[in-house]
$ cat data.json   # JSON, C-alpha atoms
[["chain", "number", "residue", "atom", "x", "y", "z"],
["A", 1, "MET", "CA", 23.36, -31.28, -41.52],
["A", 2, "ARG", "CA", 21.46, -28.11, -40.63],
["A", 3, "LYS", "CA", 18.11, -29.85, -40.92],
["A", 4, "LEU", "CA", 19.28, -32.61, -38.59],
["A", 5, "ALA", "CA", 20.53, -30.08, -36.03],
["A", 6, "THR", "CA", 17.24, -28.16, -36.27],
["A", 7, "ALA", "CA", 15.25, -31.37, -35.78],
["A", 8, "VAL", "CA", 17.33, -32.31, -32.72],
["A", 9, "VAL", "CA", 16.85, -28.85, -31.16],
["A", 10, "ALA", "CA", 13.10, -28.91, -31.91],
["A", 11, "ALA", "CA", 12.75, -32.37, -30.36],
["A", 12, "GLY", "CA", 14.69, -31.25, -27.29],
["A", 13, "LEU", "CA", 12.43, -28.23, -26.82],
["A", 14, "PHE", "CA", 9.34, -30.36, -27.33],
["A", 15, "PHE", "CA", 10.33, -33.00, -24.77],
["A", 16, "GLY", "CA", 11.65, -30.34, -22.40],
["A", 17, "GLY", "CA", 8.26, -28.63, -22.57],
["A", 18, "MET", "CA", 6.56, -31.92, -21.77],
["A", 19, "GLY", "CA", 8.68, -32.16, -18.64],
["A", 20, "VAL", "CA", 7.57, -28.70, -17.54],
["A", 21, "ALA", "CA", 3.93, -29.59, -18.18],
["A", 22, "VAL", "CA", 4.25, -32.72, -16.06],
["A", 23, "ALA", "CA", 5.98, -30.76, -13.28],
["A", 24, "ASP", "CA", 3.09, -28.27, -13.11],
["A", 25, "SER", "CA", 0.28, -30.81, -13.18],
["A", 26, "ALA", "CA", -2.66, -30.61, -10.78],
["A", 27, "HIS", "CA", -2.40, -32.04, -7.28],
["A", 28, "GLU", "CA", -5.14, -33.22, -4.94],
["A", 29, "LEU", "CA", -6.13, -30.90, -2.11],
["A", 30, "ILE", "CA", -8.18, -32.01, 0.90],
["A", 31, "MET", "CA", -8.73, -29.82, 3.96],
["A", 32, "ARG", "CA", -11.11, -30.59, 6.80],
["A", 33, "THR", "CA", -12.20, -29.24, 10.13],
["A", 34, "PRO", "CA", -15.27, -30.34, 12.15],
["A", 35, "GLY", "CA", -18.28, -29.00, 10.22],
["A", 36, "ALA", "CA", -16.42, -27.80, 7.09],
["A", 37, "GLY", "CA", -14.38, -29.29, 4.29],
["A", 38, "PHE", "CA", -12.76, -28.57, 0.96],
["A", 39, "GLN", "CA", -11.85, -31.16, -1.64],
["A", 40, "GLY", "CA", -10.39, -30.40, -5.03],
["A", 41, "LEU", "CA", -7.24, -29.77, -7.04],
["A", 42, "TYR", "CA", -4.55, -27.12, -7.07],
["A", 43, "GLN", "CA", -1.97, -26.14, -9.65],
["A", 44, "TRP", "CA", 0.49, -23.29, -10.09],
["A", 45, "GLN", "CA", -0.27, -21.28, -13.23],
["A", 46, "PRO", "CA", 2.75, -20.68, -15.51],
["A", 47, "THR", "CA", 4.22, -17.18, -15.47],
["A", 48, "THR", "CA", 3.19, -16.77, -19.10],
["A", 49, "LYS", "CA", -0.49, -16.99, -18.13],
["A", 50, "ALA", "CA", -2.21, -14.03, -16.46],
["A", 51, "PRO", "CA", -2.82, -14.14, -13.57],
["A", 52, "SER", "CA", 0.14, -16.27, -12.58],
["A", 53, "GLY", "CA", -0.84, -17.71, -9.23],
["A", 54, "LEU", "CA", -2.28, -20.73, -7.44],
["A", 55, "HIS", "CA", -5.29, -22.12, -9.34],
["A", 56, "VAL", "CA", -7.71, -23.92, -7.01],
["A", 57, "LYS", "CA", -10.74, -25.91, -8.19],
["A", 58, "GLY", "CA", -13.05, -27.98, -6.02],
["A", 59, "ARG", "CA", -15.99, -27.98, -3.62],
["A", 60, "LEU", "CA", -16.34, -26.06, -0.37],
["A", 61, "ARG", "CA", -18.75, -28.03, 1.80],
["A", 62, "ASP", "CA", -20.85, -27.37, 4.89],
["A", 63, "GLU", "CA", -20.58, -30.83, 6.45],
["A", 64, "ASN", "CA", -23.00, -30.24, 9.35],
["A", 65, "ASP", "CA", -26.33, -28.92, 8.05],
["A", 66, "LYS", "CA", -27.88, -28.65, 11.51],
["A", 67, "ASP", "CA", -25.27, -26.49, 13.28],
["A", 68, "GLY", "CA", -26.46, -23.17, 11.78],
["A", 69, "HIS", "CA", -22.94, -22.02, 10.85],
["A", 70, "ASN", "CA", -21.43, -20.92, 7.55],
["A", 71, "VAL", "CA", -18.13, -22.11, 6.05],
["A", 72, "TYR", "CA", -15.37, -20.24, 4.22],
["A", 73, "LEU", "CA", -11.92, -20.58, 2.69],
["A", 74, "ARG", "CA", -9.33, -18.32, 4.33],
["A", 75, "VAL", "CA", -6.56, -17.35, 1.90],
["A", 76, "LYS", "CA", -3.42, -15.23, 2.25],
["A", 77, "VAL", "CA", -1.41, -14.32, -0.83],
["A", 78, "GLU", "CA", 2.19, -13.32, -0.07],
["A", 79, "GLY", "CA", 2.32, -9.67, 1.00],
["A", 80, "TYR", "CA", -1.46, -9.23, 1.53],
["A", 81, "ASP", "CA", -3.93, -9.65, 4.40],
["A", 82, "TRP", "CA", -6.12, -12.70, 4.84],
["A", 83, "SER", "CA", -9.16, -12.79, 2.55],
["A", 84, "HIS", "CA", -12.27, -14.96, 2.75],
["A", 85, "LEU", "CA", -14.11, -16.91, 0.08],
["A", 86, "LYS", "CA", -17.50, -17.47, 1.68],
["A", 87, "GLY", "CA", -19.55, -20.61, 1.29],
["A", 88, "VAL", "CA", -23.30, -21.05, 1.64],
["A", 89, "GLN", "CA", -24.88, -22.52, 4.75],
["A", 90, "ARG", "CA", -26.18, -26.09, 4.29],
["A", 91, "LYS", "CA", -24.81, -26.28, 0.71],
["A", 92, "HIS", "CA", -21.75, -27.14, -1.34],
["A", 93, "ILE", "CA", -20.31, -24.48, -3.63],
["A", 94, "LYS", "CA", -17.94, -24.83, -6.56],
["A", 95, "VAL", "CA", -14.64, -22.99, -6.28],
["A", 96, "ASP", "CA", -12.60, -22.16, -9.40],
["A", 97, "LYS", "CA", -10.26, -19.30, -8.54],
["A", 98, "VAL", "CA", -6.68, -18.17, -9.11],
["A", 99, "PHE", "CA", -5.07, -16.63, -6.04],
["A", 100, "ALA", "CA", -2.41, -14.21, -7.25],
["A", 101, "ASP", "CA", -0.63, -10.94, -6.52],
["A", 102, "GLY", "CA", -1.54, -8.61, -9.36],
["A", 103, "ALA", "CA", 1.52, -6.42, -8.77],
["A", 104, "VAL", "CA", 4.08, -9.12, -9.58],
["A", 105, "ARG", "CA", 4.52, -11.46, -12.50],
["A", 106, "ARG", "CA", 5.09, -14.55, -10.38],
["A", 107, "THR", "CA", 3.23, -15.23, -7.12],
["A", 108, "LYS", "CA", 5.47, -17.37, -4.91],
["A", 109, "GLU", "CA", 3.47, -18.15, -1.74],
["A", 110, "VAL", "CA", -0.16, -18.77, -0.85],
["A", 111, "ARG", "CA", -1.49, -19.90, 2.54],
["A", 112, "MET", "CA", -4.93, -21.46, 2.82],
["A", 113, "GLN", "CA", -7.27, -23.06, 5.33],
["A", 114, "VAL", "CA", -10.94, -24.02, 5.52],
["A", 115, "CYS", "CA", -12.96, -22.62, 8.43],
["A", 116, "LEU", "CA", -16.33, -22.92, 10.14],
["A", 117, "ASP", "CA", -17.73, -19.49, 11.05],
["A", 118, "ARG", "CA", -19.05, -19.92, 14.59],
["A", 119, "GLY", "CA", -20.23, -16.34, 15.13],
["A", 120, "THR", "CA", -18.82, -13.44, 17.12],
["A", 121, "LEU", "CA", -18.68, -14.93, 20.61],
["A", 122, "ARG", "CA", -16.78, -18.10, 19.80],
["A", 123, "PRO", "CA", -13.60, -18.38, 17.74],
["A", 124, "ASP", "CA", -13.89, -19.89, 14.26],
["A", 125, "ASN", "CA", -12.95, -23.53, 13.88],
["A", 126, "CYS", "CA", -10.23, -23.74, 11.19],
["A", 127, "SER", "CA", -8.13, -26.51, 9.68],
["A", 128, "GLY", "CA", -4.36, -26.30, 9.84],
["A", 129, "GLN", "CA", -2.73, -23.78, 7.52],
["A", 130, "ARG", "CA", -1.44, -25.14, 4.24],
["A", 131, "LEU", "CA", 1.50, -23.35, 2.67],
["A", 132, "PHE", "CA", 1.82, -23.56, -1.10],
["A", 133, "ALA", "CA", 5.21, -22.33, -2.27],
["A", 134, "ARG", "CA", 6.26, -22.18, -5.90],
["A", 135, "LYS", "CA", 9.58, -23.87, -6.60]]
$ encode --input "data.json" --output "C-alpha cells"
Amino acid sequence: MRKLATAVVAAGLFFGGMGVAVADSAHELIMRTPGAGFQGLYQWQPTTKAPSGLHVKGRLRDENDKDGHNVYLRVKVEGYDWSHLKGVQRKHIKVDKVFADGAVRRTKEVRMQVCLDRGTLRPDNCSGQRLFARK
C-alpha cells in the first residue's frame, strides 16, 4: 500500500512539474520601429535559477543601413532606471541576456522597447513599450 501511495505522489509531482515547464515556455517577441527591429524569444527564468528574471534571446537589427544611425534595446527592470543594450550600425547582433534585479529573488516586471538612435538634436525613434509581468 505504501509503495502504491509513493508511486501516486511521485507521478503527481512529475506531471505537475511538466505543467510548470509548459507554463514557462518561451514566447515569440517581435518589436519594430522605422529603421530598427528586434526578433526573438522571451521566457521568465524560474526562481530556483540565478538570476531569476526575463531571459531574452534574439537579433537586434539595423534595418536601414544608409541612415547612419545606431539601434539599441531600451530596458527597465522594476525599481531601476532605463538601461541600453547597444547594437552595431549596419549590422545585426545576437542578444542572449537575462534582465533581473539582483537584490530580489524574483523579478516581477520588465519593460522593453527597441529604438533608433537619431543623435542629439532629434528625439530617438522607439517602438511602443512592452510590459512583461510575471504571473
$ residues_near_point --input "data.json" --point "(-13.1, -19.2, 8.4)" --cutoff "10 Å" --atoms "all atoms listed in the file" --output "PyMOL selection string"
chain A and resi 36+70-75+83-87+113-118+123-127
$ closest_residue --input "data.json" --among "A:Val77, A:Ala100, A:Ile93, A:Leu131" --to "Gly37 in chain A" --atoms "only C-alpha atoms"
A:Ile93
$ residues_around --input "data.json" --residues "Lys135 in chain A" --least-positions-apart "3" --cutoff "10 Å" --atoms "only C-alpha atoms" --output "list in words"
Trp44, Lys108, Glu109 and Phe132 of chain A
$ atom_distance --input "data.json" --atom1 "CA of Gly68 in chain A" --atom2 "CA of Lys97 in chain A"
26.3 Å
$ atom_distance --input "data.json" --atom1 "CA of Ala50 in chain A" --atom2 "CA of Tyr80 in chain A"
18.6 Å
$ atom_distance --input "data.json" --atom1 "CA of His92 in chain A" --atom2 "CA of Asn64 in chain A"
11.2 Å
$ closest_residue --input "data.json" --among "A:Lys66, A:Arg106, A:Lys94, A:Arg111" --to "Phe38 in chain A" --atoms "only C-alpha atoms"
A:Lys94
$ closest_residue --input "data.json" --among "A:Gln89, A:Gln129, A:Thr120, A:Ser25" --to "Asp67 in chain A" --atoms "only C-alpha atoms"
A:Gln89
$ closest_residue --input "data.json" --among "A:Gly53, A:Pro34, A:Val110, A:Val98" --to "Lys76 in chain A" --atoms "only C-alpha atoms"
A:Val110
$ closest_residue --input "data.json" --among "A:Lys49, A:Arg122, A:Arg134, A:Arg61" --to "Ile30 in chain A" --atoms "all atoms listed in the file"
A:Arg61
$ closest_residue --input "data.json" --among "A:Lys91, A:Arg105, A:His69, A:Arg59" --to "Pro46 in chain A" --atoms "only C-alpha atoms"
A:Arg105
$ decode --input "data.json" --residues "range 104-116 of chain A" --atoms "all heavy atoms" --output "compact mmCIF listing (two decimals), in the first residue's frame"
# COMPACT_ATOMS: atom_id res chain seq x y z
N VAL A 104 16.65 41.04 -5.41
CA VAL A 104 15.48 40.23 -5.02
C VAL A 104 15.59 38.86 -5.66
O VAL A 104 16.28 38.68 -6.65
CB VAL A 104 14.14 40.90 -5.44
CG1 VAL A 104 13.96 42.21 -4.74
CG2 VAL A 104 14.03 41.06 -6.92
N ARG A 105 14.87 37.94 -5.11
CA ARG A 105 14.91 36.56 -5.63
C ARG A 105 14.05 36.40 -6.88
O ARG A 105 14.32 35.56 -7.73
CB ARG A 105 14.43 35.62 -4.54
CG ARG A 105 14.51 34.19 -4.94
CD ARG A 105 14.13 33.30 -3.80
NE ARG A 105 14.12 31.93 -4.26
CZ ARG A 105 14.64 30.95 -3.60
NH1 ARG A 105 15.21 31.14 -2.45
NH2 ARG A 105 14.58 29.73 -4.08
N ARG A 106 13.01 37.23 -7.00
CA ARG A 106 12.06 37.05 -8.09
C ARG A 106 11.74 38.40 -8.73
O ARG A 106 11.00 39.20 -8.17
CB ARG A 106 10.80 36.42 -7.52
CG ARG A 106 9.73 36.19 -8.51
CD ARG A 106 8.55 35.55 -7.84
NE ARG A 106 7.38 35.72 -8.67
CZ ARG A 106 6.43 34.85 -8.79
NH1 ARG A 106 6.46 33.75 -8.10
NH2 ARG A 106 5.41 35.08 -9.56
N THR A 107 12.28 38.66 -9.90
CA THR A 107 11.97 39.88 -10.65
C THR A 107 10.56 39.74 -11.20
O THR A 107 10.21 38.72 -11.77
CB THR A 107 12.97 40.07 -11.81
OG1 THR A 107 14.29 40.12 -11.25
CG2 THR A 107 12.70 41.32 -12.58
N LYS A 108 9.74 40.79 -11.01
CA LYS A 108 8.33 40.68 -11.38
C LYS A 108 7.96 41.47 -12.64
O LYS A 108 7.01 41.12 -13.31
CB LYS A 108 7.46 41.17 -10.22
CG LYS A 108 7.58 40.32 -8.99
CD LYS A 108 6.76 40.87 -7.87
CE LYS A 108 7.02 40.10 -6.60
NZ LYS A 108 6.57 40.80 -5.43
N GLU A 109 8.68 42.56 -12.94
CA GLU A 109 8.32 43.39 -14.09
C GLU A 109 9.55 43.85 -14.86
O GLU A 109 10.54 44.27 -14.27
CB GLU A 109 7.60 44.66 -13.61
CG GLU A 109 6.12 44.60 -13.66
CD GLU A 109 5.50 45.95 -13.34
OE1 GLU A 109 6.11 47.00 -13.59
OE2 GLU A 109 4.39 45.92 -12.84
N VAL A 110 9.43 43.78 -16.20
CA VAL A 110 10.46 44.31 -17.08
C VAL A 110 9.75 45.02 -18.22
O VAL A 110 8.79 44.49 -18.80
CB VAL A 110 11.37 43.18 -17.64
CG1 VAL A 110 12.36 43.73 -18.64
CG2 VAL A 110 12.08 42.46 -16.52
N ARG A 111 10.19 46.24 -18.53
CA ARG A 111 9.67 46.99 -19.68
C ARG A 111 10.77 47.05 -20.73
O ARG A 111 11.95 47.18 -20.40
CB ARG A 111 9.28 48.41 -19.27
CG ARG A 111 8.14 48.44 -18.30
CD ARG A 111 7.82 49.87 -17.87
NE ARG A 111 6.84 49.86 -16.80
CZ ARG A 111 5.53 49.80 -16.99
NH1 ARG A 111 5.06 49.75 -18.21
NH2 ARG A 111 4.71 49.79 -15.98
N MET A 112 10.37 46.97 -22.00
CA MET A 112 11.36 46.93 -23.07
C MET A 112 10.83 47.60 -24.33
O MET A 112 9.63 47.55 -24.61
CB MET A 112 11.70 45.46 -23.36
CG MET A 112 12.83 45.26 -24.33
SD MET A 112 13.14 43.53 -24.71
CE MET A 112 13.21 42.80 -23.11
N GLN A 113 11.74 48.20 -25.07
CA GLN A 113 11.42 48.72 -26.40
C GLN A 113 12.68 48.79 -27.23
O GLN A 113 13.79 48.83 -26.70
CB GLN A 113 10.72 50.08 -26.32
CG GLN A 113 11.48 51.17 -25.65
CD GLN A 113 10.62 52.42 -25.42
OE1 GLN A 113 10.96 53.15 -24.54
NE2 GLN A 113 9.58 52.66 -26.14
N VAL A 114 12.51 48.75 -28.55
CA VAL A 114 13.64 48.87 -29.48
C VAL A 114 13.63 50.29 -30.03
O VAL A 114 12.57 50.86 -30.28
CB VAL A 114 13.55 47.80 -30.60
CG1 VAL A 114 12.36 48.01 -31.50
CG2 VAL A 114 14.83 47.78 -31.42
N CYS A 115 14.83 50.88 -30.15
CA CYS A 115 14.92 52.29 -30.54
C CYS A 115 15.98 52.49 -31.62
O CYS A 115 16.95 51.75 -31.71
CB CYS A 115 15.29 53.16 -29.35
SG CYS A 115 14.09 53.15 -28.02
N LEU A 116 15.78 53.57 -32.38
CA LEU A 116 16.74 54.05 -33.37
C LEU A 116 17.33 55.33 -32.80
O LEU A 116 16.61 56.29 -32.53
CB LEU A 116 16.02 54.32 -34.70
CG LEU A 116 16.88 54.87 -35.83
CD1 LEU A 116 17.84 53.80 -36.32
CD2 LEU A 116 16.00 55.35 -36.97
